[in-house]
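work_1.txt follows; it contains compact mmCIF, C-alpha atoms.
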# COMPACT_ATOMS: atom_id res chain seq x y z
CA MET L 1 -3.52 -21.32 10.35
CA ALA L 2 -3.69 -19.64 13.76
CA VAL L 3 -0.36 -17.93 13.06
CA LEU L 4 -1.65 -16.72 9.68
CA GLU L 5 -4.83 -15.40 11.27
CA ARG L 6 -2.83 -13.52 13.90
CA LEU L 7 -0.50 -12.04 11.27
CA PHE L 8 -3.44 -10.96 9.10
CA ALA L 9 -5.06 -9.30 12.13
CA GLU L 10 -1.79 -7.49 12.89
CA ARG L 11 -1.48 -6.43 9.26
CA GLU L 12 -5.06 -5.12 9.21
CA ALA L 13 -4.52 -3.08 12.39
CA ALA L 14 -1.18 -1.70 11.13
CA THR L 15 -2.65 -0.91 7.70
CA ARG L 16 -5.67 0.85 9.24
CA GLU L 17 -3.32 2.99 11.33
CA ALA L 18 -0.97 3.65 8.39
CA PHE L 19 -3.80 4.72 6.09
CA SER L 20 -5.57 6.91 8.67
CA PRO L 21 -3.87 10.08 7.28
CA LEU L 22 -5.36 9.30 3.86
CA ILE L 23 -8.84 8.87 5.32
CA ALA L 24 -8.37 12.09 7.30
CA TRP L 25 -7.33 13.92 4.10
CA ALA L 26 -10.45 12.66 2.34
CA GLU L 27 -12.81 13.52 5.19
CA GLU L 28 -11.36 16.87 6.26
CA ASP L 29 -10.22 19.72 4.10
CA THR L 30 -7.33 20.59 6.41
CA GLY L 31 -5.11 21.96 3.68
CA GLY L 32 -2.58 19.16 3.96
CA SER L 33 -1.36 17.68 0.71
CA LEU L 34 -2.53 14.43 -0.79
CA ARG L 35 1.13 13.57 -1.38
CA SER L 36 1.86 13.86 2.35
CA ALA L 37 -1.13 11.70 3.27
CA LEU L 38 -0.15 9.05 0.72
CA THR L 39 3.47 9.17 1.86
CA ALA L 40 2.44 8.54 5.46
CA ALA L 41 0.19 5.65 4.37
CA VAL L 42 2.75 3.95 2.15
CA ASP L 43 5.55 4.49 4.65
CA GLY L 44 3.46 3.03 7.49
CA TYR L 45 2.45 -0.02 5.48
CA LEU L 46 6.02 -0.64 4.34
CA ARG L 47 7.24 -0.30 7.94
CA PHE L 48 4.80 -2.99 9.06
CA LEU L 49 5.96 -5.32 6.28
CA GLN L 50 9.61 -4.72 7.18
CA ARG L 51 8.99 -5.26 10.91
CA ARG L 52 7.08 -8.48 10.25
CA PRO L 53 9.03 -10.39 7.56
CA ALA L 54 7.29 -13.60 8.69
CA PHE L 55 4.08 -12.24 7.18
CA ALA L 56 5.44 -12.25 3.62
CA ARG L 57 7.37 -15.48 4.12
CA LEU L 58 4.35 -17.42 5.35
CA ILE L 59 2.21 -16.12 2.50
CA GLN L 60 4.88 -17.03 -0.05
CA ARG L 61 5.32 -20.48 1.45
CA ASP L 62 1.59 -21.18 1.38
CA GLN L 63 1.28 -19.78 -2.14
CA LEU L 64 3.91 -22.31 -3.28
CA ASP L 65 1.78 -25.05 -1.70
CA GLY L 66 -1.27 -23.91 -3.67
CA GLY L 67 -2.64 -21.41 -1.18
CA LYS L 68 -4.86 -23.89 0.68
CA ARG L 69 -4.26 -22.35 4.11
CA LEU L 70 -4.69 -18.84 2.78
CA LEU L 71 -8.06 -19.73 1.33
CA ALA L 72 -9.18 -21.38 4.57
CA VAL L 73 -7.93 -18.79 7.05
CA THR L 74 -10.18 -16.02 8.30
CA ARG L 75 -8.56 -12.75 7.34
CA GLU L 76 -9.79 -9.22 7.32
CA SER L 77 -8.29 -7.06 4.62
CA ARG L 78 -10.31 -3.89 4.28
CA ALA L 79 -8.18 -1.05 5.63
CA MET L 80 -6.39 -0.14 2.42
CA ALA L 81 -9.50 -0.59 0.27
CA ASP L 82 -11.53 1.48 2.74
CA ALA L 83 -8.98 4.30 2.61
CA PHE L 84 -8.96 4.39 -1.19
CA SER L 85 -12.79 4.20 -1.18
CA SER L 86 -12.88 7.27 1.09
CA LEU L 87 -10.60 9.06 -1.32
CA ARG L 88 -12.66 8.03 -4.34
CA LYS L 89 -15.88 9.32 -2.71
CA VAL L 90 -14.48 12.84 -2.62
CA ALA L 91 -12.58 12.66 -5.91
CA HIS L 92 -14.92 15.01 -7.77
CA VAL L 93 -14.92 17.55 -4.92
CA ARG L 94 -11.15 17.42 -4.35
CA GLY L 95 -10.19 17.64 -8.03
CA LEU L 96 -9.18 14.01 -8.43
CA ARG L 97 -9.96 11.51 -11.09
CA SER L 98 -12.69 8.91 -10.59
CA PHE L 99 -10.16 6.09 -10.20
CA ASP L 100 -10.76 2.40 -9.62
CA ARG L 101 -10.20 1.61 -5.93
CA ASP L 102 -8.89 -1.89 -6.66
CA ASP L 103 -6.33 -0.44 -9.10
CA ALA L 104 -5.01 1.76 -6.29
CA VAL L 105 -4.78 -1.23 -3.94
CA LEU L 106 -3.01 -3.24 -6.64
CA VAL L 107 -0.46 -0.49 -7.27
CA CYS L 108 0.19 0.00 -3.57
CA VAL L 109 0.57 -3.69 -2.70
CA SER L 110 2.54 -4.47 -5.86
CA LEU L 111 5.09 -1.79 -5.12
CA THR L 112 5.42 -2.42 -1.38
CA TYR L 113 4.79 -6.07 -0.57
CA SER L 114 6.23 -7.55 -3.77
CA PRO L 115 9.67 -5.88 -3.59
CA LEU L 116 10.11 -7.12 -0.02
CA THR L 117 9.40 -10.68 -1.14
CA GLN L 118 12.18 -10.27 -3.69
CA SER L 119 14.73 -8.41 -1.59
CA ALA L 120 17.41 -11.10 -2.01
CA THR L 121 16.87 -11.42 -5.76
CA PHE L 122 15.29 -8.64 -7.81
CA LEU L 123 16.05 -5.74 -5.48
CA THR L 124 19.61 -6.96 -5.01
CA ALA L 125 20.01 -7.07 -8.80
CA LEU L 126 18.79 -3.45 -8.91
CA GLY L 127 21.19 -2.52 -6.10
CA ARG L 128 18.36 -1.47 -3.79
CA ASP L 129 18.23 -2.17 -0.08
CA LEU L 130 14.97 -0.96 1.44
CA GLU L 131 16.55 -1.22 4.88
CA GLU L 132 18.80 1.71 3.93
CA PRO L 133 16.89 4.91 4.89
CA ARG L 134 17.67 6.96 1.76
CA THR L 135 16.74 4.09 -0.57
CA ARG L 136 13.60 3.45 1.45
CA ARG L 137 12.51 7.12 1.22
CA ARG L 138 13.17 7.05 -2.52
CA HIS L 139 11.10 3.88 -2.88
CA VAL L 140 8.20 5.33 -0.86
CA ALA L 141 8.30 8.40 -3.14
CA LEU L 142 8.19 6.12 -6.20
CA VAL L 143 5.10 4.33 -4.86
CA VAL L 144 3.42 7.65 -4.06
CA ASP L 145 4.23 9.00 -7.54
CA GLN L 146 2.58 5.95 -9.13
CA LEU L 147 -0.51 6.30 -6.94
CA LEU L 148 -0.76 10.01 -7.76
CA ALA L 149 -0.49 9.18 -11.47
CA LEU L 150 -3.54 6.97 -11.01
CA ILE L 151 -5.51 9.33 -8.77
CA GLU L 152 -4.76 12.89 -9.85
CA LYS L 153 -6.26 14.47 -12.92
CA ARG L 154 -3.86 15.26 -15.74
CA SER L 155 -3.73 18.84 -16.95
CA SER L 156 -5.68 17.81 -20.09
CA GLU L 157 -8.46 16.51 -17.81
CA ARG L 158 -8.55 19.83 -15.93
CA GLY L 159 -9.36 21.72 -19.07
CA GLY L 160 -5.82 22.30 -20.28
CA GLU L 161 -4.65 24.21 -17.22
CA ALA L 162 -0.89 24.32 -16.76
Do you think you could lay out the structure here as structure tokens?
Amino acid sequence: MAVLERLFAEREAATREAFSPLIAWAEEDTGGSLRSALTAAVDGYLRFLQRRPAFARLIQRDQLDGGKRLLAVTRESRAMADAFSSLRKVAHVRGLRSFDRDDAVLVCVSLTYSPLTQSATFLTALGRDLEEPRTRRRHVALVVDQLLALIEKRSSERGGEA
């Protein structure tokens, strides 16, 4: 449990750092693009997961045992949710949709953490190796595209603008 607590603390710190560009985008109108901020966030989170494969392995192992240790361990997990909350607070001002924060977290975790847990099976079957830089960049872009589909207004929601 001590190892899990340490890994969760490391993950929280890495996630907070990774998602800081997204919080900065929400809090400051610096002219940078939302896509760039999301790309930095997703890339940073994925880098942490790739540098710490023990994190995913220990979670998977405990999940197979019914998740008893995971339920008992103290773990902070707010950084990603906080970043998407910051973004949601300014959605109306920044021309975004009023999205569900937990949907954004689900999309982000599902498309980053989950593929790494299946790198020897599902990703191999797809012929994708996230350790390969070009494939990794393409995957980060895919995650960002899905998040933007959730967050950005469609042209029909903007009053039919092209």
Stretch 137-149 of chain L: which residues within 9 Å, counting all atoms listed in the file, same-chain residues fewer than 2 positions away excluded, as a PyMOL selection string? chain L and resi 34-35+38-39+42-43+46+104+107-108+111-112+130+132-135+151-154
Calculated over only C-alpha atoms, which of the candidates L:Met80, L:Leu96, L:Ala72, L:Gln50 has the smallest distance to L:Glu131?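 Nearest to L:Glu131: L:Gln50.
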Distance table requested - stretch 81-142 of chain L against stretch 9-12 of chain L, cut-off 12 Å, only C-alpha atoms: one row per qualifying residue with the closest atom pair and its distance in Å to one decimal, ordered by chain and rising residue number, as CSV.
residue,atom,partner,partner_atom,distance
L:Ala81,CA,L:Glu12,CA,11.0
L:Asp82,CA,L:Glu12,CA,11.3
L:Tyr113,CA,L:Arg11,CA,11.7
Could you save those same residues with C-alpha atoms as a CSV table (one decimal), keeping the file's coordinate frame?
chain,number,residue,atom,x,y,z
L,81,ALA,CA,-9.5,-0.6,0.3
L,82,ASP,CA,-11.5,1.5,2.7
L,113,TYR,CA,4.8,-6.1,-0.6
What does the distance between atom CA of L:Leu87 and atom CA of L:Trp25 come to in Å, to one decimal place? 8.0 Å
May I have the residues at most 9 Å from (-6.9, 0.5, 6.9) in the file's coordinates, counting only C-alpha atoms, as a compact mmCIF listing (two decimals) with C-alpha atoms, keeping the file's coordinate frame?
# COMPACT_ATOMS: atom_id res chain seq x y z
CA GLU L 12 -5.06 -5.12 9.21
CA ALA L 13 -4.52 -3.08 12.39
CA ALA L 14 -1.18 -1.70 11.13
CA THR L 15 -2.65 -0.91 7.70
CA ARG L 16 -5.67 0.85 9.24
CA GLU L 17 -3.32 2.99 11.33
CA ALA L 18 -0.97 3.65 8.39
CA PHE L 19 -3.80 4.72 6.09
CA SER L 20 -5.57 6.91 8.67
CA ILE L 23 -8.84 8.87 5.32
CA SER L 77 -8.29 -7.06 4.62
CA ARG L 78 -10.31 -3.89 4.28
CA ALA L 79 -8.18 -1.05 5.63
CA MET L 80 -6.39 -0.14 2.42
CA ALA L 81 -9.50 -0.59 0.27
CA ASP L 82 -11.53 1.48 2.74
CA ALA L 83 -8.98 4.30 2.61
Between atom CA of L:Ser98 and atom CA of L:Ala26, what distance in Å does the model show, to one decimal?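 Calculated distance between atom CA of L:Ser98 and atom CA of L:Ala26 is 13.6 Å.
The gap separating atom CA of L:Thr74 from atom CA of L:Pro115 is 25.3 Å, in Å to one decimal.
Closest approach to L:Met1 among L:Asp62, L:Asp129, L:Glu76, L:Asp29: L:Asp62, based on all atoms listed in the file.
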Counting all atoms listed in the file, the option among L:Val109, L:Ser36, L:Val3, L:Leu116 closest to L:Ala56: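 Among the listed residues, L:Leu116 lies closest to L:Ala56.
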